[in-house]
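A.B. asks: After the structure tokens below, expect a handful of questions from me.
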Amino acid sequence: MLTLLIWVLVNGAIGALAGLIPYFLCKSQGKDNMAQLALVCCAVGGIIVFGLALLIAIGFGVAAFVSAGDTRPVFRRGQPAPASPPPGGPAYYEYNDQSRLGLRCLSGSMKGRVYRVGSDGMMIGRDYDCGVRFDPKTPGISRHHCSIRWYQGGPALVDLGSSYGSYLADGRKLPPNYPVPAQVGTRFYLGSPGNMFELIRMQ
């Protein structure tokens, strides 16, 4: 009986070690539940057959890579939810009003510049195809950092999976690849408050 218990514990521990790879891989993507499931399944698989634990670890590793393209928001416990529309519902825009939405740069190297967003939206970053283009050597700004899009009749801010993040003026971080409703007067920054912008209505 003691030998069996030792065998179970040793194989379970070895299986759990194999599960550490998919565990940390899933953790790095914010998939906490998937990470815990990978660790438990690998430990159980190790108790049955060690080779099974390796197969499970590989399976979860592949699943983590495939799900990396999932653009649905991932919220960790204690993380603030994305910004909601202002009281009274979102600010809806008629098509003709879309050409009047503008973007003003409040700080940083682009301070004082004003851009018209228009009906096609606008991308902000360091790459050549961005409507608001930072100098390629600007620190804290990704090639494709953030965009302004039209979502459910109104403007929305979308972080494009940037390295340093996009934030509302109050410090709330935008979840990557998820439209957060905005309106004229909304302020946000890229990476740090030193790159602050404001949505405005142009004449």
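Residues in the structure tokens are named by chain (A, B, ... in the order shown) and by number from 1 within that chain; ligands are numbered from 1 in the order shown.
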For region 112-121 of chain A, find every residue with an atom within 6 Å (counting only C-alpha atoms), except residues of its own chain fewer than 2 positions away, and show them as JSON, numbers by chain.
C.D. replies: {"A": [98, 99, 101, 102, 103, 104, 105, 110, 148, 149]}
A.B. asks: With a distance cut-off of 6 Å and only C-alpha atoms, select the neighbouring residues of region 135-147 of chain A, excluding the residue or stretch itself and same-chain residues fewer than 2 positions from it, and output the selection as a list in words.
C.D. replies: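 With the cut-off at 6 Å, the set is Met122, Met123, Ile124, Gly125, Arg126, Asp127, Leu157, Val158, Asp159, Leu160, Ser162, Tyr164 and Gly191 of chain A.
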A.B. asks: Convert the current residue selection to file output with N, CA and C atoms, as a short mmCIF file (atom, residue, chain, number, x, y, z; two decimals), in the first residue's frame.
C.D. replies:
```
data_model
loop_
_atom_site.label_atom_id
_atom_site.label_comp_id
_atom_site.auth_asym_id
_atom_site.auth_seq_id
_atom_site.Cartn_x
_atom_site.Cartn_y
_atom_site.Cartn_z
N MET A 122 -9.67 55.91 -37.54
CA MET A 122 -8.27 56.35 -37.60
C MET A 122 -7.41 55.42 -36.75
N MET A 123 -6.18 55.17 -37.23
CA MET A 123 -5.24 54.36 -36.48
C MET A 123 -4.10 55.25 -35.99
N ILE A 124 -3.61 54.96 -34.80
CA ILE A 124 -2.54 55.74 -34.19
C ILE A 124 -1.36 54.81 -33.90
N GLY A 125 -0.18 55.22 -34.28
CA GLY A 125 1.00 54.40 -34.02
C GLY A 125 2.22 54.95 -34.74
N ARG A 126 3.23 54.07 -34.93
CA ARG A 126 4.49 54.49 -35.56
C ARG A 126 4.59 54.08 -37.02
N ASP A 127 3.67 53.24 -37.50
CA ASP A 127 3.79 52.71 -38.86
C ASP A 127 3.30 53.71 -39.90
N LEU A 157 -12.81 53.42 -28.77
CA LEU A 157 -11.35 53.29 -28.73
C LEU A 157 -10.99 51.81 -28.70
N VAL A 158 -10.00 51.42 -29.48
CA VAL A 158 -9.58 50.02 -29.53
C VAL A 158 -8.06 49.94 -29.41
N ASP A 159 -7.58 49.33 -28.33
CA ASP A 159 -6.15 49.07 -28.23
C ASP A 159 -5.82 47.90 -29.17
N LEU A 160 -4.77 48.03 -29.95
CA LEU A 160 -4.44 47.03 -30.97
C LEU A 160 -3.37 46.05 -30.49
N SER A 162 -1.13 46.65 -28.14
CA SER A 162 0.12 47.39 -27.99
C SER A 162 0.96 46.86 -26.82
N TYR A 164 2.73 48.68 -24.63
CA TYR A 164 2.66 49.51 -23.42
C TYR A 164 1.24 49.88 -23.02
N GLY A 191 0.47 54.48 -23.62
CA GLY A 191 1.69 54.17 -22.86
C GLY A 191 1.81 54.94 -21.58
#
```
A.B. asks: What's the 7 Å shell around Asn195 (chain A), counting only C-alpha atoms, without same-chain residues fewer than 5 positions away, as a count of residues only?
C.D. replies: 4
A.B. asks: With distances taken over only C-alpha atoms, which residue among A:Leu199, A:Lys111, A:Ile56, A:Gly153 lies nearest Val184 (chain A)?
C.D. replies: A:Leu199
A.B. asks: Record the distance separating CA of Ile200 (chain A) and CA of Thr186 (chain A), expressed in Å with one decimal.
C.D. replies: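 Rounded to one decimal, the two atoms are 8.1 Å apart.
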A.B. asks: What is the CA of Ala182 (chain A) to CA of Ser166 (chain A) distance in Å?
C.D. replies: 13.4 Å
